[in-house]
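Enquirer: One file is attached below, model09.txt, containing compact mmCIF, C-alpha atoms.
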```txt
# COMPACT_ATOMS: atom_id res chain seq x y z
CA MET A 1 103.19 -167.35 -137.13
CA PHE A 2 104.21 -168.65 -133.75
CA ARG A 3 105.13 -172.16 -132.89
CA LYS A 4 103.47 -173.77 -129.93
CA THR A 5 106.09 -175.09 -127.54
CA VAL A 6 105.23 -178.38 -125.92
CA LEU A 7 106.92 -178.84 -122.59
CA LYS A 8 108.19 -182.23 -121.57
CA GLU A 9 106.79 -183.51 -118.27
CA GLU A 10 110.17 -183.17 -116.53
CA ASP A 11 110.61 -179.59 -117.83
CA PHE A 12 107.10 -178.75 -116.68
CA GLN A 13 107.81 -180.23 -113.26
CA GLU A 14 111.03 -178.25 -112.98
CA LEU A 15 109.25 -175.06 -114.01
CA LYS A 16 106.60 -175.64 -111.37
CA GLU A 17 109.21 -176.27 -108.69
CA ASN A 18 111.01 -173.07 -109.69
CA LEU A 19 107.74 -171.17 -109.40
CA GLU A 20 107.11 -172.63 -105.94
CA ASP A 21 110.63 -171.61 -104.87
CA LEU A 22 110.12 -168.11 -106.24
CA GLN A 23 106.77 -167.74 -104.51
CA LYS A 24 108.28 -168.88 -101.20
CA TYR A 25 111.23 -166.55 -101.65
CA VAL A 26 108.92 -163.57 -102.28
CA GLU A 27 106.69 -164.39 -99.31
CA ASP A 28 109.62 -164.99 -96.94
CA LEU A 29 111.37 -161.81 -98.05
CA ILE A 30 108.27 -159.66 -97.60
CA MET A 31 107.52 -161.14 -94.18
CA PHE A 32 111.12 -160.76 -93.03
CA LEU A 33 111.38 -157.09 -94.05
CA PRO A 34 111.45 -154.95 -90.90
CA LEU A 35 110.19 -152.10 -93.08
CA ALA A 36 106.44 -151.60 -93.54
CA PHE A 37 105.64 -152.64 -97.08
CA CYS A 38 102.59 -152.72 -99.28
CA ALA A 39 101.80 -153.61 -102.86
CA VAL A 40 99.39 -151.22 -104.55
CA ASN A 41 97.50 -151.57 -107.85
CA PRO A 42 97.12 -148.80 -110.50
CA PHE A 43 93.94 -147.65 -108.77
CA ASN A 44 95.91 -147.04 -105.56
CA ILE A 45 94.18 -149.98 -103.91
CA ILE A 46 96.20 -152.01 -101.43
CA LEU A 47 96.78 -155.58 -102.59
CA GLY A 48 99.10 -156.84 -99.90
CA VAL A 49 100.90 -155.79 -96.73
CA ASN A 50 103.58 -157.36 -94.56
CA GLN A 51 103.83 -157.91 -90.81
CA ALA A 52 105.86 -154.71 -90.28
CA PHE A 53 103.04 -152.74 -91.91
CA ARG A 54 100.52 -154.29 -89.52
CA ASP A 55 102.78 -153.55 -86.55
CA LEU A 56 103.25 -149.92 -87.57
CA THR A 57 99.64 -149.10 -88.48
CA ASN A 58 97.87 -151.47 -86.04
CA TYR A 59 95.51 -152.45 -88.84
CA ASP A 60 94.74 -156.10 -89.59
CA GLU A 61 95.43 -157.27 -93.10
CA MET A 62 91.73 -157.60 -93.94
CA GLU A 63 91.03 -154.07 -92.76
CA VAL A 64 93.38 -152.56 -95.32
CA LEU A 65 93.30 -154.87 -98.32
CA GLY A 66 91.03 -153.51 -101.02
CA ASN A 67 91.14 -149.94 -99.66
CA GLU A 68 92.76 -146.93 -101.29
CA ILE A 69 95.98 -145.86 -99.61
CA ASP A 70 94.69 -142.32 -98.92
CA PHE A 71 93.06 -143.15 -95.59
CA LEU A 72 96.50 -143.90 -94.17
CA PHE A 73 97.82 -140.37 -94.49
CA LEU A 74 96.88 -137.01 -93.04
CA GLU A 75 97.86 -134.86 -96.02
CA LYS A 76 95.20 -135.71 -98.65
CA GLU A 77 96.28 -133.31 -101.42
CA LYS A 78 99.94 -134.13 -100.97
CA THR A 79 99.06 -137.86 -101.17
CA LEU A 80 97.25 -137.29 -104.46
CA ALA A 81 100.26 -135.45 -105.92
CA PHE A 82 102.54 -138.24 -104.68
CA LYS A 83 100.44 -140.94 -106.37
CA GLU A 84 100.41 -139.01 -109.66
CA LYS A 85 104.17 -138.57 -109.50
CA VAL A 86 104.73 -142.30 -108.83
CA ALA A 87 102.62 -143.21 -111.88
CA ARG A 88 104.61 -140.78 -114.06
CA GLU A 89 108.16 -141.45 -112.94
CA THR A 90 110.41 -144.41 -113.56
CA LYS A 91 112.63 -143.78 -110.56
CA ARG A 92 111.91 -144.16 -106.86
CA ILE A 93 109.88 -141.33 -105.31
CA THR A 94 110.34 -140.37 -101.65
CA ASP A 95 108.51 -137.85 -99.50
CA GLU A 96 107.51 -137.25 -95.89
CA PHE A 97 103.95 -137.71 -94.62
CA ILE A 98 101.99 -138.11 -91.41
CA LEU A 99 100.69 -141.67 -91.03
CA LEU A 100 97.31 -142.14 -89.32
CA THR A 101 97.25 -145.38 -87.35
CA LYS A 102 94.17 -147.35 -86.35
CA ASP A 103 94.53 -146.14 -82.75
CA ASN A 104 94.49 -142.51 -83.95
CA LYS A 105 98.19 -141.89 -83.59
CA GLU A 106 99.95 -139.56 -86.00
CA ILE A 107 103.39 -140.78 -86.94
CA PRO A 108 105.81 -138.91 -89.18
CA VAL A 109 106.92 -141.27 -91.92
CA SER A 110 109.04 -141.32 -95.02
CA LEU A 111 107.26 -142.88 -98.01
CA SER A 112 109.14 -144.45 -100.87
CA ALA A 113 107.42 -145.80 -103.95
CA LEU A 114 108.55 -147.39 -107.16
CA ALA A 115 106.20 -147.95 -110.09
CA ARG A 116 105.80 -151.41 -111.60
CA ARG A 117 105.39 -151.56 -115.35
CA SER A 118 104.63 -154.24 -117.89
CA GLU A 119 106.99 -155.02 -120.75
CA LYS A 120 104.93 -152.59 -122.84
CA GLY A 121 105.46 -149.91 -120.21
CA GLU A 122 101.91 -149.97 -118.85
CA PHE A 123 101.63 -148.83 -115.26
CA LEU A 124 100.76 -151.87 -113.11
CA GLY A 125 100.85 -150.27 -109.70
CA TYR A 126 103.64 -149.76 -107.23
CA PHE A 127 105.49 -151.00 -104.21
CA LEU A 128 105.36 -148.70 -101.23
CA THR A 129 107.53 -148.68 -98.13
CA ILE A 130 106.75 -146.69 -95.01
CA LEU A 131 109.59 -145.76 -92.69
CA ASP A 132 108.79 -144.49 -89.22
CA ILE A 133 110.91 -141.36 -88.81
CA SER A 134 109.43 -140.21 -85.50
CA GLU A 135 112.74 -140.90 -83.65
CA THR A 136 114.72 -139.07 -86.31
CA LYS A 137 112.20 -136.22 -86.16
CA LYS A 138 112.44 -136.09 -82.35
CA PHE A 139 116.22 -136.03 -82.56
CA GLN A 140 116.05 -133.33 -85.23
CA GLU A 141 113.62 -131.24 -83.15
CA GLU A 142 115.79 -131.66 -80.04
CA LEU A 143 118.81 -130.62 -82.04
CA GLU A 144 116.99 -127.59 -83.41
CA ARG A 145 115.83 -126.67 -79.88
CA LYS A 146 119.38 -126.93 -78.56
CA ILE A 147 120.73 -124.87 -81.45
CA LYS A 148 118.09 -122.19 -80.74
CA GLU A 149 118.99 -122.20 -77.04
CA ARG A 150 122.72 -121.93 -77.74
CA THR A 151 122.14 -119.21 -80.33
CA LYS A 152 120.11 -117.25 -77.77
CA GLU A 153 122.84 -117.69 -75.15
CA LEU A 154 125.44 -116.58 -77.65
CA GLN A 155 123.41 -113.54 -78.62
CA GLU A 156 123.12 -112.56 -74.95
CA LYS A 157 126.90 -112.91 -74.52
CA ILE A 158 127.48 -110.82 -77.61
CA GLU A 159 125.15 -108.16 -76.26
CA GLU A 160 126.99 -108.23 -72.90
CA LEU A 161 130.27 -107.95 -74.71
CA GLU A 162 128.99 -105.10 -76.82
CA ASN A 163 127.76 -103.28 -73.71
CA PHE A 164 131.10 -103.87 -72.00
CA GLU A 165 132.89 -102.66 -75.10
CA LYS A 166 130.71 -99.57 -75.19
CA LEU A 167 131.51 -98.94 -71.51
CA ILE A 168 135.25 -99.40 -71.98
CA ILE A 169 135.33 -97.24 -75.08
CA GLY A 170 133.31 -94.58 -73.25
CA ARG A 171 135.79 -94.60 -70.40
CA GLU A 172 138.73 -94.47 -72.79
CA LEU A 173 137.21 -91.51 -74.61
CA LYS A 174 136.57 -89.74 -71.29
CA MET A 175 140.18 -90.37 -70.25
CA ILE A 176 141.46 -88.96 -73.53
CA GLU A 177 139.18 -85.97 -73.08
CA LEU A 178 140.41 -85.45 -69.51
CA LYS A 179 144.02 -85.90 -70.61
CA GLU A 180 143.56 -83.26 -73.31
CA GLU A 181 141.88 -80.96 -70.78
CA ASN A 182 144.74 -81.57 -68.35
CA THR A 183 147.33 -80.75 -71.03
CA ALA A 184 145.48 -77.61 -72.00
CA LEU A 185 145.32 -76.48 -68.36
CA LYS A 186 149.00 -77.22 -67.88
CA GLU A 187 149.85 -75.16 -70.96
CA LYS A 188 147.66 -72.32 -69.72
CA LEU A 189 149.30 -72.43 -66.28
CA ALA A 190 152.80 -72.38 -67.81
CA LYS A 191 151.81 -69.40 -69.94
CA ASN A 192 150.51 -67.52 -66.90
CA GLU A 193 153.69 -68.25 -64.89
CA LYS A 194 155.85 -66.84 -67.74
CA SER A 195 153.83 -63.71 -68.10
CA GLY A 196 153.40 -63.29 -64.32
CA MET B 1 58.32 -159.65 -103.96
CA ARG B 2 60.85 -162.32 -104.67
CA LYS B 3 59.53 -165.37 -106.46
CA ALA B 4 59.98 -168.76 -104.88
CA VAL B 5 62.58 -170.76 -106.73
CA ARG B 6 62.94 -174.47 -107.05
CA TYR B 7 66.52 -175.33 -106.25
CA LEU B 8 68.06 -178.48 -107.49
CA LEU B 9 70.36 -179.46 -104.72
CA PRO B 10 73.49 -181.42 -105.48
CA PHE B 11 73.05 -185.02 -106.30
CA GLY B 12 69.43 -185.24 -107.19
CA ARG B 13 67.81 -183.47 -104.23
CA SER B 14 65.58 -180.44 -104.69
CA LEU B 15 64.05 -177.74 -102.53
CA GLU B 16 61.60 -174.91 -103.15
CA ILE B 17 62.39 -171.80 -101.14
CA ASN B 18 62.08 -168.03 -101.48
CA ASN B 19 65.29 -167.06 -99.79
CA ILE B 20 68.61 -168.39 -100.97
CA SER B 21 70.18 -167.96 -97.54
CA LYS B 22 68.00 -170.79 -96.30
CA ILE B 23 69.71 -173.21 -98.60
CA LEU B 24 72.99 -172.38 -96.96
CA MET B 25 71.72 -172.97 -93.45
CA PRO B 26 71.82 -176.73 -93.32
CA GLN B 27 69.04 -178.32 -91.36
CA ASN B 28 70.90 -181.60 -91.31
CA ARG B 29 74.54 -182.46 -91.23
CA ILE B 30 76.19 -183.49 -94.45
CA SER B 31 75.22 -187.01 -95.33
CA GLN B 32 77.69 -189.70 -96.27
CA GLU B 33 76.00 -189.76 -99.66
CA GLU B 34 76.72 -186.07 -100.21
CA ILE B 35 80.33 -186.53 -99.13
CA ARG B 36 80.68 -189.46 -101.47
CA LYS B 37 79.35 -187.38 -104.33
CA ILE B 38 81.58 -184.39 -103.58
CA LYS B 39 84.55 -186.74 -103.51
CA GLY B 40 83.40 -188.14 -106.81
CA LEU B 41 83.35 -184.75 -108.55
CA GLU B 42 85.75 -184.64 -111.43
CA GLY B 43 88.27 -181.87 -111.58
CA LYS B 44 91.20 -180.35 -109.80
CA ALA B 45 91.96 -177.27 -107.80
CA ARG B 46 95.24 -175.43 -107.34
CA GLY B 47 96.90 -175.64 -103.95
CA GLN B 48 96.39 -171.88 -103.82
CA THR B 49 92.60 -172.28 -103.55
CA ILE B 50 92.83 -174.81 -100.68
CA ARG B 51 95.31 -172.61 -98.83
CA ASN B 52 93.12 -169.52 -99.34
CA ALA B 53 90.04 -171.39 -98.09
CA LEU B 54 91.72 -172.52 -94.87
CA GLU B 55 93.35 -169.12 -94.31
CA SER B 56 89.92 -167.46 -94.77
CA ILE B 57 88.33 -169.87 -92.28
CA LEU B 58 91.06 -168.85 -89.83
CA LEU B 59 90.28 -165.17 -90.45
CA MET B 60 86.56 -165.67 -89.97
CA GLU B 61 86.41 -168.27 -87.22
CA GLY B 62 89.82 -168.04 -85.55
CA LYS B 63 92.11 -170.88 -84.52
CA GLU B 64 89.25 -172.52 -82.67
CA GLY B 65 87.35 -172.64 -85.94
CA LEU B 66 90.16 -174.53 -87.61
CA VAL B 67 90.20 -176.99 -84.70
CA LYS B 68 86.44 -177.53 -85.10
CA LEU B 69 86.88 -178.03 -88.82
CA GLU B 70 89.63 -180.59 -88.26
CA ARG B 71 87.49 -182.45 -85.75
CA ARG B 72 84.49 -182.54 -88.11
CA LEU B 73 86.54 -183.56 -91.14
CA LYS B 74 88.02 -186.39 -89.08
CA GLU B 75 84.54 -187.45 -87.92
CA ILE B 76 83.34 -187.77 -91.50
CA GLY B 77 86.56 -189.46 -92.58
CA CYS B 78 87.68 -186.64 -94.89
CA TRP B 79 90.65 -185.29 -93.00
CA ASN B 80 93.65 -184.70 -95.17
CA GLU B 81 97.12 -184.13 -93.73
CA ILE B 82 97.75 -181.21 -96.10
CA TYR B 83 95.09 -179.24 -94.19
CA LYS B 84 97.12 -179.46 -90.96
CA ASP B 85 100.05 -177.37 -92.11
CA TYR B 86 98.13 -175.60 -94.85
CA LYS B 87 100.64 -172.78 -95.22
CA LYS B 88 103.00 -175.35 -96.69
CA ILE B 89 100.56 -176.41 -99.40
CA LYS B 90 102.22 -175.95 -102.77
CA ILE B 91 100.13 -173.26 -104.38
CA PHE B 92 100.92 -174.18 -108.00
CA GLU B 93 100.26 -177.89 -107.44
CA TRP B 94 96.97 -179.41 -108.64
CA TYR B 95 94.88 -181.35 -106.11
CA PRO B 96 91.57 -183.22 -106.49
CA LEU B 97 88.69 -180.71 -106.55
CA TRP B 98 87.12 -182.16 -103.40
CA TYR B 99 90.24 -181.21 -101.37
CA ASP B 100 89.08 -177.62 -101.87
CA LEU B 101 85.29 -178.10 -101.80
CA LEU B 102 84.86 -180.31 -98.76
CA PRO B 103 86.41 -177.98 -96.13
CA ILE B 104 84.17 -175.20 -97.49
CA VAL B 105 81.00 -177.31 -97.38
CA VAL B 106 81.89 -178.55 -93.89
CA ALA B 107 82.63 -174.98 -92.73
CA VAL B 108 79.19 -173.85 -93.97
CA ASP B 109 77.72 -176.73 -91.99
CA ILE B 110 79.54 -176.30 -88.68
CA PHE B 111 79.63 -172.48 -88.56
CA ASN B 112 76.08 -172.08 -89.93
CA TRP B 113 77.26 -169.62 -92.54
CA ASP B 114 74.48 -167.86 -94.40
CA GLU B 115 74.82 -166.35 -97.87
CA GLU B 116 76.34 -163.12 -96.56
CA LYS B 117 78.98 -165.03 -94.59
CA LEU B 118 79.81 -167.09 -97.65
CA LYS B 119 80.20 -163.93 -99.73
CA GLN B 120 82.50 -162.57 -97.04
CA PHE B 121 84.43 -165.84 -97.27
CA GLY B 122 84.69 -165.34 -101.05
CA ARG B 123 85.93 -161.77 -100.58
CA TYR B 124 88.62 -162.98 -98.16
CA ASN B 125 89.64 -165.71 -100.60
CA GLN B 126 90.20 -163.08 -103.28
CA LYS B 127 92.02 -160.60 -101.05
CA ILE B 128 94.58 -163.05 -99.70
CA SER B 129 95.25 -164.84 -102.97
CA PHE B 130 98.91 -164.79 -103.96
CA PHE B 131 97.87 -165.06 -107.61
CA GLU B 132 95.74 -161.94 -107.35
CA LYS B 133 98.72 -160.00 -105.97
CA VAL B 134 101.19 -161.25 -108.52
CA PHE B 135 99.18 -161.04 -111.71
CA LEU B 136 98.89 -157.27 -111.60
CA LYS B 137 98.65 -157.02 -115.36
CA TYR B 138 94.99 -158.03 -115.04
CA PHE B 139 94.20 -155.01 -112.92
CA ILE B 140 94.88 -152.26 -115.44
CA SER B 141 91.20 -151.73 -116.16
CA LEU B 142 87.85 -153.30 -115.39
CA GLU B 143 87.51 -154.43 -118.99
CA ILE B 144 90.84 -156.27 -118.78
CA VAL B 145 89.78 -157.86 -115.50
CA PHE B 146 86.64 -159.01 -117.28
CA LYS B 147 88.36 -160.23 -120.45
CA SER B 148 91.03 -162.08 -118.49
CA SER B 149 88.41 -164.13 -116.59
CA PRO B 150 88.91 -167.36 -118.60
CA GLY B 151 92.66 -167.40 -117.91
CA ARG B 152 92.21 -166.47 -114.29
CA TRP B 153 89.70 -169.28 -113.75
CA LYS B 154 92.03 -171.82 -115.33
CA LYS B 155 94.78 -170.75 -112.95
CA HIS B 156 92.55 -171.93 -110.11
CA TYR B 157 90.28 -174.73 -111.31
CA ARG B 158 90.00 -177.40 -113.99
CA PRO B 159 87.58 -178.05 -115.55
CA GLY B 160 85.34 -175.02 -116.03
CA ASP B 161 85.17 -172.19 -118.52
CA LEU B 162 84.53 -168.73 -117.16
CA GLU B 163 83.36 -166.79 -120.19
CA PRO B 164 83.04 -163.02 -120.40
CA VAL B 165 79.65 -162.75 -122.10
CA GLU B 166 79.00 -159.03 -122.11
CA PHE B 167 80.76 -155.93 -120.84
CA ASN B 168 78.81 -152.69 -120.77
CA GLY B 169 81.02 -149.90 -119.45
CA LYS B 170 78.33 -147.28 -120.11
CA GLU B 171 75.63 -149.10 -118.20
CA LYS B 172 78.21 -150.28 -115.67
CA ASN B 173 77.50 -153.96 -115.77
CA ALA B 174 79.05 -157.15 -117.04
CA THR B 175 77.97 -160.76 -117.40
CA LEU B 176 80.15 -163.77 -116.73
CA ARG B 177 79.18 -167.33 -117.51
CA LEU B 178 80.69 -170.36 -115.81
CA LYS B 179 80.29 -173.45 -117.92
CA ASN B 180 81.30 -177.07 -117.44
CA PHE B 181 81.64 -176.67 -113.69
CA VAL B 182 79.14 -177.96 -111.17
CA GLY B 183 80.89 -177.59 -107.81
CA HIS B 184 78.52 -177.11 -104.90
CA SER B 185 75.70 -174.67 -104.13
CA SER B 186 77.82 -173.08 -101.37
CA PHE B 187 80.48 -172.38 -103.94
CA CYS B 188 78.09 -170.09 -105.92
CA SER B 189 77.85 -167.63 -103.01
CA LEU B 190 81.60 -167.81 -102.52
CA LEU B 191 82.00 -166.77 -106.16
CA LEU B 192 79.63 -163.82 -105.66
CA GLY B 193 81.95 -162.47 -102.96
CA TYR B 194 85.06 -163.29 -104.98
CA PHE B 195 83.85 -161.46 -108.11
CA GLU B 196 82.61 -158.56 -106.00
CA SER B 197 86.00 -158.13 -104.36
CA ALA B 198 87.94 -158.49 -107.64
CA THR B 199 85.72 -155.86 -109.28
CA SER B 200 86.03 -153.42 -106.38
CA TYR B 201 89.81 -153.44 -106.94
CA VAL B 202 89.41 -151.67 -110.27
CA VAL B 203 86.48 -149.30 -109.77
CA SER B 204 86.65 -146.19 -107.66
CA SER B 205 83.29 -146.90 -106.04
CA LYS B 206 82.91 -149.54 -103.36
CA LYS B 207 79.35 -150.16 -104.54
CA VAL B 208 79.69 -153.40 -106.44
CA LYS B 209 76.87 -155.93 -106.59
CA VAL B 210 77.08 -159.41 -108.04
CA GLU B 211 74.04 -161.55 -108.64
CA GLU B 212 73.84 -165.13 -109.82
CA THR B 213 71.24 -164.97 -112.57
CA LYS B 214 71.57 -168.60 -113.65
CA CYS B 215 72.66 -171.62 -111.68
CA VAL B 216 73.05 -175.31 -112.41
CA PHE B 217 71.46 -176.00 -109.02
CA ARG B 218 68.30 -174.25 -110.24
CA GLY B 219 68.16 -176.30 -113.40
CA ASP B 220 70.08 -173.95 -115.69
CA PRO B 221 72.75 -175.36 -118.01
CA TYR B 222 75.46 -173.13 -116.49
CA HIS B 223 76.17 -170.54 -113.78
CA GLU B 224 75.79 -166.91 -114.84
CA PHE B 225 76.78 -163.85 -112.88
CA LEU B 226 75.70 -160.27 -113.40
CA VAL B 227 78.22 -157.77 -112.03
CA ARG B 228 77.04 -154.21 -111.44
CA TRP B 229 79.02 -151.26 -110.17
CA GLU B 230 78.50 -147.52 -109.65
```
Take the structure in the file and write it out as structure tokens.

Expert:
Amino acid sequence: MFRKTVLKEEDFQELKENLEDLQKYVEDLIMFLPLAFCAVNPFNIILGVNQAFRDLTNYDEMEVLGNEIDFLFLEKEKTLAFKEKVARETKRITDEFILLTKDNKEIPVSLSALARRSEKGEFLGYFLTILDISETKKFQEELERKIKERTKELQEKIEELENFEKLIIGRELKMIELKEENTALKEKLAKNEKSG
Amino acid sequence: MRKAVRYLLPFGRSLEINNISKILMPQNRISQEEIRKIKGLEGKARGQTIRNALESILLMEGKEGLVKLERRLKEIGCWNEIYKDYKKIKIFEWYPLWYDLLPIVVAVDIFNWDEEKLKQFGRYNQKISFFEKVFLKYFISLEIVFKSSPGRWKKHYRPGDLEPVEFNGKEKNATLRLKNFVGHSSFCSLLLGYFESATSYVVSSKKVKVEETKCVFRGDPYHEFLVRWE
């Protein structure tokens, strides 16, 4: 049997004020976040997005709310696997994807998602953040290009050095050979002088 | 061929038409009598509903639309200061029902919204609702969405009982009944869009149709909605 709790008017008022404060806190926090954010339901349907999301994707709020998240990403099968993993796991899941913006741009992004669950453990959906990693990717690609260039330069130097080494060793061997030939001739000459 | 229906308009008026959209295209501006009666409606609405309505008008008609609405509400003496800075409306606070209904009825009047526009308005109201984002536990399955209707209604309006009458997962349809709530004829179309949007959040198909099969403005004792999905 449960007992019905009757709230006093002042307690009720306080509770309502606390709720208002909480709601404002949540809205302010989401709007302030410089990171693109969206709330997704268990059917992978977008329930809410923040300003950073709109700035990154160029979609208006009403164009995305009520749609499945799939249309935002290039890799369809990978997105499906990601969604399944989010629903299964209790920890944060992160992976890289290509984001498709409204103006047909393809932006490399890092997706992070954390499942929301009820007290009974039922999957209620998830929060999703989208981090634009195009600058990081550019930097990484530039770094890789430079490493390749330097490696090539180094390989050429090594080859030059090897060729030089081969040349030097060849000359050394020839000199030894000539020296030995010279010694042999000298010995032969000395022998001839003695017998002569 | 669709049968002509006799519509009982709010406050004793009636009209026989064969296309519901006509009822939403006002031939005349709202009369003082109608305003008086809307203001006299008993009941209350959460701040959330008023905020959603004004935000949806902004989405559909732009800032200019809100200016027009303000001007018209002032003309008819129904301007309320909470509309001005509507983003500051306390969403959990209860307000008189007419605070929510009048801007909608006036918007239908000044923007000549037809039924489709009103459904769109209802869809926007659902999509931007803070409650709908927060109460995720209702979105686990369509059946839970359906069964939780009474509680969800009471979070938005008093009085009114939104009863889940029948849920047929096999046939893919459900019936909801709204009792003890009169509202306004424009509000019925808004609800069609609202229910349609809420249903589409939990079914994989985007093909969701909602039909009002009974309506107090057609002489029925309550509103009844048939939701169908594919």

Enquirer: At a cut-off of 8 Å, which residues of chain A touch chain B? Count all atoms listed in the file and give the answer as an MDAnalysis selection string.

Expert: chainID A and resid 16 19:20 39 41:43 45 47:48 62 65:66 118 123:125

Enquirer: In Å, rounded to a single decimal, give me how far CA of Thr213 in chain B is from CA of Leu192 in chain B.

Expert: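 One can read the CA of Leu192 in chain B to CA of Thr213 in chain B distance as 10.9 Å.
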
Enquirer: Interatomic distance between CA of Lys74 in chain B and CA of Glu55 in chain B?

Expert: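 Going from CA of Lys74 in chain B over to CA of Glu55 in chain B covers 18.8 Å.
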
Enquirer: Could you give me, as a ChimeraX atom specification, the residues within 7 Å of range 29-36 of chain A, counting only C-alpha atoms and dropping anything in the same chain fewer than 3 positions from it?

Expert: /A:25-26,50-53,56,129-131

Enquirer: I'd like the box whose edges run along x, y and z of the file and which contains every listed atom of range 195-201 of chain B, padded by 8 Å per side; could you state its centre and edge lengths in Å, one decimal, as AutoDock Vina command-line options?

Expert:
```
--center_x 86.2 --center_y -157.4 --center_z -106.8 --size_x 23.2 --size_y 24.0 --size_z 20.9
```

Enquirer: Every residue with an atom at most 8 Å from (77.7, -183.9, -91.5) (file coordinates; only C-alpha atoms) is what I'm after, so could you write them as a PyMOL selection string?

Expert: chain B and resi 28-32+72+76+106+109

Enquirer: Write out as a PyMOL selection string which residues come within 9 Å of range 74-88 of chain A when counting all atoms listed in the file, dropping same-chain ones fewer than 5 positions away.

Expert: chain A and resi 42+44+69+93-95+97-100+106+113-116+123-126

Enquirer: Find the residue from B:Lys44, B:Arg218, B:Lys207, B:His223 that sits nearest to Val165 in chain B; use all atoms listed in the file when measuring.

Expert: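 Using all atoms listed in the file, the shortest distance to Val165 in chain B belongs to B:His223.
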
Enquirer: Quick check, in Å to one decimal: how far apart do CA of Gly193 in chain B and CA of Asn125 in chain B lie?

Expert: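 Between CA of Gly193 in chain B and CA of Asn125 in chain B the gap works out to 8.7 Å.
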
Enquirer: Of the candidates A:Lys152, A:Tyr59, A:Ser195, A:Val109, which shows the shortest atom-to-atom distance to Glu135 in chain A, using only C-alpha atoms?

Expert: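 Going through A:Lys152, A:Tyr59, A:Ser195, A:Val109 one by one, the smallest distance to Glu135 in chain A is for A:Val109.
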